[in-house]
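Peer 1: My file is entry14.cif. It has mmCIF, C-alpha atoms:
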data_query
loop_
_atom_site.label_atom_id
_atom_site.label_comp_id
_atom_site.auth_asym_id
_atom_site.auth_seq_id
_atom_site.Cartn_x
_atom_site.Cartn_y
_atom_site.Cartn_z
CA MET A 1 -78.50 125.52 14.59
CA HIS A 2 -81.02 122.96 13.35
CA ARG A 3 -78.43 120.22 13.79
CA LEU A 4 -77.65 121.34 17.31
CA LEU A 5 -81.32 121.33 18.25
CA GLY A 6 -81.69 117.87 16.77
CA MET A 7 -78.74 116.70 18.87
CA LYS A 8 -79.78 118.37 22.13
CA TRP A 9 -79.98 115.11 24.10
CA SER A 10 -76.64 113.97 22.71
CA LEU A 11 -75.14 117.31 23.75
CA VAL A 12 -76.53 116.88 27.25
CA ALA A 13 -75.15 113.34 27.41
CA PHE A 14 -71.78 114.61 26.17
CA VAL A 15 -71.57 117.19 28.98
CA VAL A 16 -72.69 114.69 31.62
CA ALA A 17 -70.18 112.05 30.45
CA LEU A 18 -67.41 114.66 30.30
CA VAL A 19 -68.07 115.75 33.88
CA LEU A 20 -68.35 112.15 35.09
CA GLY A 21 -65.08 111.34 33.36
CA PHE A 22 -63.36 113.80 35.67
CA LEU A 23 -65.40 113.37 38.83
CA SER A 24 -65.44 109.57 38.80
CA MET A 25 -61.63 109.58 39.17
CA GLY A 26 -61.22 106.78 36.65
CA ALA A 27 -64.25 104.67 37.59
CA LEU A 28 -66.07 105.49 34.36
CA GLY A 29 -62.97 104.72 32.28
CA GLY A 30 -62.48 101.44 34.14
CA ALA A 31 -66.07 100.42 33.47
CA LEU A 32 -65.64 101.24 29.79
CA TYR A 33 -62.63 98.94 29.60
CA TYR A 34 -64.78 96.01 30.69
CA VAL A 35 -67.33 96.96 28.02
CA CYS A 36 -64.49 96.44 25.52
CA TYR A 37 -63.12 93.43 27.39
CA PRO A 38 -63.81 90.76 24.72
CA LEU A 39 -61.70 92.68 22.19
CA LEU A 40 -58.92 94.10 24.38
CA ALA A 41 -58.44 91.45 27.07
CA PRO A 42 -56.62 88.97 24.80
CA PHE A 43 -53.92 91.61 24.26
CA TYR A 44 -53.89 93.59 27.50
CA GLY A 45 -55.41 91.29 30.12
CA ASN A 46 -57.37 92.28 33.19
CA LEU A 47 -57.30 95.90 34.31
CA ASN A 48 -56.81 94.75 37.92
CA ASP A 49 -53.45 93.26 36.94
CA TRP A 50 -52.03 96.57 35.71
CA HIS A 51 -49.62 98.53 37.90
CA GLY A 52 -48.11 101.99 37.83
CA ASP A 53 -49.13 105.62 37.77
CA TRP A 54 -50.20 105.36 34.13
CA VAL A 55 -53.22 103.17 35.01
CA TRP A 56 -55.12 105.86 36.88
CA SER A 57 -54.40 108.60 34.33
CA ALA A 58 -55.41 106.31 31.44
CA ALA A 59 -58.70 105.43 33.18
CA VAL A 60 -59.49 109.12 33.73
CA TRP A 61 -58.67 110.04 30.13
CA ALA A 62 -60.73 107.12 28.82
CA GLY A 63 -63.84 108.45 30.53
CA VAL A 64 -63.20 112.02 29.41
CA LEU A 65 -62.44 111.22 25.77
CA TRP A 66 -65.30 108.74 25.48
CA SER A 67 -67.75 111.60 26.01
CA LEU A 68 -67.01 112.68 22.41
CA SER A 69 -68.74 109.50 21.25
CA PHE A 70 -72.10 111.04 22.10
CA LEU A 71 -71.48 113.83 19.60
CA ALA A 72 -70.54 111.33 16.90
CA ALA A 73 -73.57 109.19 17.73
CA GLY A 74 -75.84 112.22 17.67
CA LEU A 75 -74.61 113.29 14.23
CA LEU A 76 -75.05 109.78 12.87
CA ASN A 77 -78.56 109.62 14.31
CA LEU A 78 -79.48 112.85 12.49
CA GLN A 79 -78.03 111.53 9.23
CA LEU A 80 -79.94 108.26 9.47
CA GLU A 81 -83.14 110.12 10.36
CA THR A 82 -82.92 112.20 7.19
CA GLN A 83 -82.58 108.94 5.25
CA GLY A 84 -85.81 107.60 6.76
CA ILE A 85 -84.20 104.90 8.92
CA SER A 86 -86.53 103.65 11.64
CA ALA A 87 -86.05 104.72 15.27
CA SER A 88 -85.22 101.17 16.42
CA TRP A 89 -82.34 100.85 13.94
CA ARG A 90 -81.11 104.33 14.81
CA LYS A 91 -80.95 103.30 18.49
CA VAL A 92 -78.90 100.25 17.56
CA ALA A 93 -76.52 102.44 15.56
CA TYR A 94 -76.31 104.95 18.44
CA VAL A 95 -75.29 102.27 20.94
CA ALA A 96 -72.84 100.79 18.43
CA VAL A 97 -71.10 104.16 18.05
CA LEU A 98 -70.79 104.51 21.84
CA TRP A 99 -69.28 101.04 22.08
CA ALA A 100 -66.92 101.66 19.16
CA GLY A 101 -65.89 104.94 20.78
CA ALA A 102 -64.90 103.11 23.96
CA VAL A 103 -62.88 100.61 21.93
CA VAL A 104 -61.10 103.35 19.97
CA VAL A 105 -60.31 105.44 23.05
CA TRP A 106 -58.94 102.54 25.08
CA THR A 107 -56.99 101.19 22.11
CA LEU A 108 -55.26 104.53 21.55
CA LEU A 109 -54.49 104.93 25.26
CA LEU A 110 -53.10 101.41 25.57
CA LEU A 111 -51.00 101.73 22.43
CA THR A 112 -49.35 104.84 23.86
CA GLN A 113 -49.25 104.15 27.61
CA TYR A 114 -49.56 100.43 28.37
CA VAL A 115 -46.82 98.89 30.48
CA PRO A 116 -46.85 95.08 30.92
CA PRO A 117 -47.31 94.00 34.56
CA GLU A 118 -43.91 92.30 34.62
CA ALA A 119 -42.21 95.47 33.41
CA SER A 120 -43.97 97.69 35.94
CA LYS A 121 -42.41 95.69 38.76
CA ARG A 122 -38.86 96.37 37.61
CA THR A 123 -36.93 98.65 39.86
CA ALA A 124 -33.68 100.51 39.60
CA ALA A 125 -31.34 101.76 42.28
CA MET A 126 -31.03 105.52 42.40
CA GLU A 127 -29.04 108.08 44.31
CA CYS A 128 -30.98 109.15 47.36
CA GLY A 129 -29.48 112.61 47.33
CA LYS A 130 -29.74 115.14 50.14
CA GLY A 131 -33.47 115.63 49.67
CA ASN A 132 -34.30 111.95 50.01
CA TRP A 133 -31.81 111.59 52.86
CA ARG A 134 -33.80 114.27 54.66
CA TYR A 135 -36.98 112.37 53.78
CA VAL A 136 -35.63 109.30 55.55
CA GLU A 137 -34.62 111.26 58.65
CA VAL A 138 -37.95 113.09 58.88
CA SER A 139 -39.89 109.88 58.31
CA LEU A 140 -38.04 108.07 61.09
CA ALA A 141 -38.58 111.03 63.41
CA ALA A 142 -42.32 110.85 62.70
CA VAL A 143 -42.38 107.28 63.97
CA PHE A 144 -39.74 107.06 66.71
CA GLU A 145 -38.99 109.32 69.66
CA PRO A 146 -36.11 109.97 69.71
CA ALA A 147 -35.29 109.32 66.07
CA PRO A 148 -32.65 106.66 65.40
CA ARG A 149 -29.25 107.70 64.10
CA LEU A 150 -28.14 106.61 60.63
CA ILE A 151 -24.67 105.16 60.27
CA ASP A 152 -24.53 105.20 56.46
CA GLU A 153 -26.14 107.02 53.54
CA PRO A 154 -29.68 105.90 52.71
CA ARG A 155 -30.12 103.84 49.59
CA CYS A 156 -33.15 104.29 47.35
CA LEU A 157 -35.01 102.18 44.87
CA LYS A 158 -37.63 103.35 42.42
CA SER A 159 -39.74 101.70 39.77
CA ALA A 160 -39.40 103.20 36.32
CA TRP A 161 -43.18 103.22 36.02
CA ASN A 162 -44.26 104.27 39.49
CA SER A 163 -43.65 107.40 41.54
CA ASP A 164 -43.41 105.50 44.82
CA MET A 165 -39.93 105.17 46.26
CA VAL A 166 -38.45 102.70 48.72
CA ALA A 167 -35.59 103.84 50.95
CA MET A 168 -33.36 101.89 53.30
CA ALA A 169 -30.58 102.72 55.76
CA GLU A 170 -28.61 101.00 58.49
CA LEU A 171 -29.31 102.29 61.98
CA ALA A 172 -26.87 102.84 64.80
CA PRO A 173 -26.60 99.77 67.06
CA ASP A 174 -27.49 101.83 70.14
CA PHE A 175 -31.06 102.31 68.91
CA ASN A 176 -33.48 100.63 71.30
CA ALA A 177 -36.05 98.66 69.30
CA ASP A 178 -37.20 96.43 72.15
CA GLY A 179 -40.76 97.80 71.98
CA MET A 180 -41.20 96.57 68.42
CA ASP A 181 -42.99 93.31 67.72
CA PHE A 182 -40.38 91.40 65.71
CA SER A 183 -41.18 88.16 63.93
CA SER A 184 -39.38 85.93 61.46
CA GLY A 185 -38.75 87.46 58.04
CA ASP A 186 -40.41 84.53 56.27
CA GLU A 187 -43.82 85.34 57.73
CA PRO A 188 -46.33 87.00 55.35
CA ARG A 189 -46.37 90.78 55.72
CA GLU A 190 -47.14 93.92 53.73
CA ALA A 191 -43.54 95.03 53.32
CA PRO A 192 -41.23 95.24 50.27
CA LEU A 193 -38.61 92.96 51.83
CA ASP A 194 -37.67 91.56 48.42
CA PHE A 195 -36.09 94.90 47.54
CA MET A 196 -33.48 94.59 50.29
CA VAL A 197 -31.32 92.33 48.11
CA GLU A 198 -31.11 95.06 45.46
CA MET A 199 -30.41 97.80 47.98
CA TYR A 200 -27.97 95.98 50.27
CA PRO A 201 -26.68 93.03 48.24
CA GLU A 202 -23.59 92.75 50.42
CA THR A 203 -25.83 92.01 53.39
CA PHE A 204 -28.98 90.31 52.12
CA LYS A 205 -27.91 88.44 48.98
CA GLY A 206 -28.14 84.74 49.77
CA LEU A 207 -29.67 85.45 53.18
CA ALA A 208 -32.80 83.40 53.84
CA PRO A 209 -35.82 85.29 55.26
CA SER A 210 -35.70 83.01 58.29
CA GLU A 211 -32.26 84.43 59.11
CA PHE A 212 -33.57 87.87 60.05
CA GLU A 213 -36.51 89.37 61.91
CA ALA A 214 -38.79 92.20 60.85
CA ALA A 215 -41.27 94.53 62.52
CA SER A 216 -43.54 97.13 60.94
CA ILE A 217 -44.95 100.40 62.22
CA PHE A 218 -47.00 103.14 60.60
CA SER A 219 -46.62 106.85 61.17
CA SER A 220 -49.34 108.56 63.21
CA LYS A 221 -48.43 111.84 61.47
CA ASN A 222 -48.25 110.52 57.91
CA LYS A 223 -50.80 107.79 57.25
CA ASN A 224 -49.14 106.91 53.93
CA LEU A 225 -45.78 106.01 55.45
CA ALA A 226 -44.69 102.59 56.65
CA VAL A 227 -41.40 101.86 58.43
CA HIS A 228 -40.10 98.32 58.68
CA LEU A 229 -37.22 97.45 60.98
CA VAL A 230 -35.08 94.51 59.92
CA ARG A 231 -32.82 92.93 62.55
CA LEU A 232 -30.11 90.42 61.77
CA ARG A 233 -28.94 87.72 64.15
CA SER A 234 -25.69 89.65 64.52
CA GLY A 235 -27.66 92.59 65.93
CA ARG A 236 -27.31 94.87 62.91
CA LEU A 237 -30.47 96.88 62.38
CA TYR A 238 -31.93 98.39 59.19
CA ALA A 239 -34.89 100.64 58.48
CA LEU A 240 -36.91 100.09 55.31
CA LEU A 241 -39.35 102.87 54.37
CA ASN A 242 -42.06 102.85 51.75
CA ASP A 243 -45.12 104.84 50.80
CA ILE A 244 -48.47 103.12 51.06
CA MET A 245 -51.76 104.09 49.42
#
Starting from the file, give its structure as structure tokens.

Peer 2:
Amino acid sequence: MHRLLGMKWSLVAFVVALVLGFLSMGALGGALYYVCYPLLAPFYGNLNDWHGDWVWSAAVWAGVLWSLSFLAAGLLNLQLETQGISASWRKVAYVAVLWAGAVVVWTLLLLTQYVPPEASKRTAAMECGKGNWRYVEVSLAAVFEPAPRLIDEPRCLKSAWNSDMVAMAELAPDFNADGMDFSSGDEPREAPLDFMVEMYPETFKGLAPSEFEAASIFSSKNKNLAVHLVRLRSGRLYALLNDIM
């Protein structure tokens, strides 16, 4: 009990840091990474360059687990106090333990979860299945009235390190897309057009972006959904769907 009373402020700090680790949604963990930046950056680079679902979960866990450092620092402070160490040196040791705790936590998380940026961008074709086929149909219906008709099975692409999926399907030629604002495919736009070669290699492999047009629209019902229409010079029309955050 005496030890607990002697550590009361460390216990309070532990609870506050634990709560902030959850409520900050990764902000505390992200800040802690930059505290460790001189040691970790040469191996893992800038946090802003990381991609994938693992980044957010690692940042949250970093903040939560780091809270334990206050308990370790509090115990060390009590031990040094019994040895007659001055308050100024105990403060230095306390801060050092907090910093070391951040380094240890982030090192363990990165050793077990880190995915290099180049690897996180890798994608793999996957079977859309009936569920994802329905996802494509419902998504198109949320954007267009009436919904366009598909003339083949949707094709899907998914990163091995990210839950977001990209889907694509060819639309019936009778779909009227005249109201869409088409522009050349080589113009800058927020659309995963590079994935089209992997999904429809028989159509887009070797095809220059200037040889097709694209137009984008966002669902008024689902703010996280983007639909991109891709129109070839031959008149063939494709729909490319992706989640946006």

Peer 1: To one decimal place, how far is atom CA of A:Leu109 from atom CA of A:Val55 in Å?

Peer 2: 10.0 Å

Peer 1: Which one is closest to A:Ser67: A:Gly84, A:Gly30, A:Pro192, A:Gly101? Count all atoms listed in the file.

Peer 2: A:Gly101

Peer 1: Calculate how many Å separate atom CA of A:Asp194 from atom CA of A:Gly206, rounding to one decimal.

Peer 2: 11.8 Å

Peer 1: So, counting all atoms listed in the file, which residue among A:Gln83, A:Gln113, A:Asn77, A:Asn48 is closest to A:Trp61?

Peer 2: A:Gln113

Peer 1: Calculate how many Å separate atom CA of A:Gly63 from atom CA of A:Val92, rounding to one decimal.

Peer 2: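 Spanning atom CA of A:Gly63 to atom CA of A:Val92 is a straight-line distance of 21.5 Å.
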
Peer 1: Apply the PyMOL selection byres ((chain A and resi 13) around 12) to the file shown and report the selected residues as an MDAnalysis selection string.

Peer 2: chainID A and resid 7:12 14:21 66:74 98

Peer 1: Convert the output of the PyMOL selection byres ((chain A and resi 138-145) around 12) on the shown file into explicit residues, formatted as a PDB file with C-alpha atoms, keeping the file's coordinate frame.

Peer 2:
ATOM      1  CA  GLY A 131     -33.470 115.630  49.670  1.00  0.00           C
ATOM      2  CA  ASN A 132     -34.300 111.950  50.010  1.00  0.00           C
ATOM      3  CA  TRP A 133     -31.810 111.590  52.860  1.00  0.00           C
ATOM      4  CA  ARG A 134     -33.800 114.270  54.660  1.00  0.00           C
ATOM      5  CA  TYR A 135     -36.980 112.370  53.780  1.00  0.00           C
ATOM      6  CA  VAL A 136     -35.630 109.300  55.550  1.00  0.00           C
ATOM      7  CA  GLU A 137     -34.620 111.260  58.650  1.00  0.00           C
ATOM      8  CA  PRO A 146     -36.110 109.970  69.710  1.00  0.00           C
ATOM      9  CA  ALA A 147     -35.290 109.320  66.070  1.00  0.00           C
ATOM     10  CA  PRO A 148     -32.650 106.660  65.400  1.00  0.00           C
ATOM     11  CA  ARG A 149     -29.250 107.700  64.100  1.00  0.00           C
ATOM     12  CA  LEU A 150     -28.140 106.610  60.630  1.00  0.00           C
ATOM     13  CA  ALA A 167     -35.590 103.840  50.950  1.00  0.00           C
ATOM     14  CA  MET A 168     -33.360 101.890  53.300  1.00  0.00           C
ATOM     15  CA  ALA A 169     -30.580 102.720  55.760  1.00  0.00           C
ATOM     16  CA  LEU A 171     -29.310 102.290  61.980  1.00  0.00           C
ATOM     17  CA  PHE A 175     -31.060 102.310  68.910  1.00  0.00           C
ATOM     18  CA  ASN A 176     -33.480 100.630  71.300  1.00  0.00           C
ATOM     19  CA  ALA A 177     -36.050  98.660  69.300  1.00  0.00           C
ATOM     20  CA  GLY A 179     -40.760  97.800  71.980  1.00  0.00           C
ATOM     21  CA  MET A 180     -41.200  96.570  68.420  1.00  0.00           C
ATOM     22  CA  SER A 216     -43.540  97.130  60.940  1.00  0.00           C
ATOM     23  CA  ILE A 217     -44.950 100.400  62.220  1.00  0.00           C
ATOM     24  CA  PHE A 218     -47.000 103.140  60.600  1.00  0.00           C
ATOM     25  CA  SER A 219     -46.620 106.850  61.170  1.00  0.00           C
ATOM     26  CA  SER A 220     -49.340 108.560  63.210  1.00  0.00           C
ATOM     27  CA  LYS A 221     -48.430 111.840  61.470  1.00  0.00           C
ATOM     28  CA  ASN A 222     -48.250 110.520  57.910  1.00  0.00           C
ATOM     29  CA  LYS A 223     -50.800 107.790  57.250  1.00  0.00           C
ATOM     30  CA  ASN A 224     -49.140 106.910  53.930  1.00  0.00           C
ATOM     31  CA  LEU A 225     -45.780 106.010  55.450  1.00  0.00           C
ATOM     32  CA  ALA A 226     -44.690 102.590  56.650  1.00  0.00           C
ATOM     33  CA  VAL A 227     -41.400 101.860  58.430  1.00  0.00           C
ATOM     34  CA  HIS A 228     -40.100  98.320  58.680  1.00  0.00           C
ATOM     35  CA  LEU A 229     -37.220  97.450  60.980  1.00  0.00           C
ATOM     36  CA  TYR A 238     -31.930  98.390  59.190  1.00  0.00           C
ATOM     37  CA  ALA A 239     -34.890 100.640  58.480  1.00  0.00           C
ATOM     38  CA  LEU A 240     -36.910 100.090  55.310  1.00  0.00           C
ATOM     39  CA  LEU A 241     -39.350 102.870  54.370  1.00  0.00           C
ATOM     40  CA  ASN A 242     -42.060 102.850  51.750  1.00  0.00           C
ATOM     41  CA  ASP A 243     -45.120 104.840  50.800  1.00  0.00           C
TER      42      ASP A 243
END

Peer 1: Run the PyMOL selection byres ((chain A and resi 44) around 12) mentally over the shown coordinates, then write out the matched residues as a ChimeraX atom specification, using the chain letters and numbers from the document.

Peer 2: /A:33-34,36-43,45-50,106-107,109-111,113-117

Peer 1: Emit the selected residues as a PDB file, keeping the file's coordinate frame, including C-alpha atoms.

Peer 2:
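selection_13.pdb, written as the output of this step:
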ATOM      1  CA  TYR A  33     -62.630  98.940  29.600  1.00  0.00           C
ATOM      2  CA  TYR A  34     -64.780  96.010  30.690  1.00  0.00           C
ATOM      3  CA  CYS A  36     -64.490  96.440  25.520  1.00  0.00           C
ATOM      4  CA  TYR A  37     -63.120  93.430  27.390  1.00  0.00           C
ATOM      5  CA  PRO A  38     -63.810  90.760  24.720  1.00  0.00           C
ATOM      6  CA  LEU A  39     -61.700  92.680  22.190  1.00  0.00           C
ATOM      7  CA  LEU A  40     -58.920  94.100  24.380  1.00  0.00           C
ATOM      8  CA  ALA A  41     -58.440  91.450  27.070  1.00  0.00           C
ATOM      9  CA  PRO A  42     -56.620  88.970  24.800  1.00  0.00           C
ATOM     10  CA  PHE A  43     -53.920  91.610  24.260  1.00  0.00           C
ATOM     11  CA  GLY A  45     -55.410  91.290  30.120  1.00  0.00           C
ATOM     12  CA  ASN A  46     -57.370  92.280  33.190  1.00  0.00           C
ATOM     13  CA  LEU A  47     -57.300  95.900  34.310  1.00  0.00           C
ATOM     14  CA  ASN A  48     -56.810  94.750  37.920  1.00  0.00           C
ATOM     15  CA  ASP A  49     -53.450  93.260  36.940  1.00  0.00           C
ATOM     16  CA  TRP A  50     -52.030  96.570  35.710  1.00  0.00           C
ATOM     17  CA  TRP A 106     -58.940 102.540  25.080  1.00  0.00           C
ATOM     18  CA  THR A 107     -56.990 101.190  22.110  1.00  0.00           C
ATOM     19  CA  LEU A 109     -54.490 104.930  25.260  1.00  0.00           C
ATOM     20  CA  LEU A 110     -53.100 101.410  25.570  1.00  0.00           C
ATOM     21  CA  LEU A 111     -51.000 101.730  22.430  1.00  0.00           C
ATOM     22  CA  GLN A 113     -49.250 104.150  27.610  1.00  0.00           C
ATOM     23  CA  TYR A 114     -49.560 100.430  28.370  1.00  0.00           C
ATOM     24  CA  VAL A 115     -46.820  98.890  30.480  1.00  0.00           C
ATOM     25  CA  PRO A 116     -46.850  95.080  30.920  1.00  0.00           C
ATOM     26  CA  PRO A 117     -47.310  94.000  34.560  1.00  0.00           C
TER      27      PRO A 117
END

Peer 1: So which residues are close to (-34.9, 83.2, 51.3), meaning at most 12 Å away in the file's coordinates with all atoms listed in the file counted, and can you show them as an MDAnalysis selection string?

Peer 2: chainID A and resid 184:187 193:194 196:197 204:212
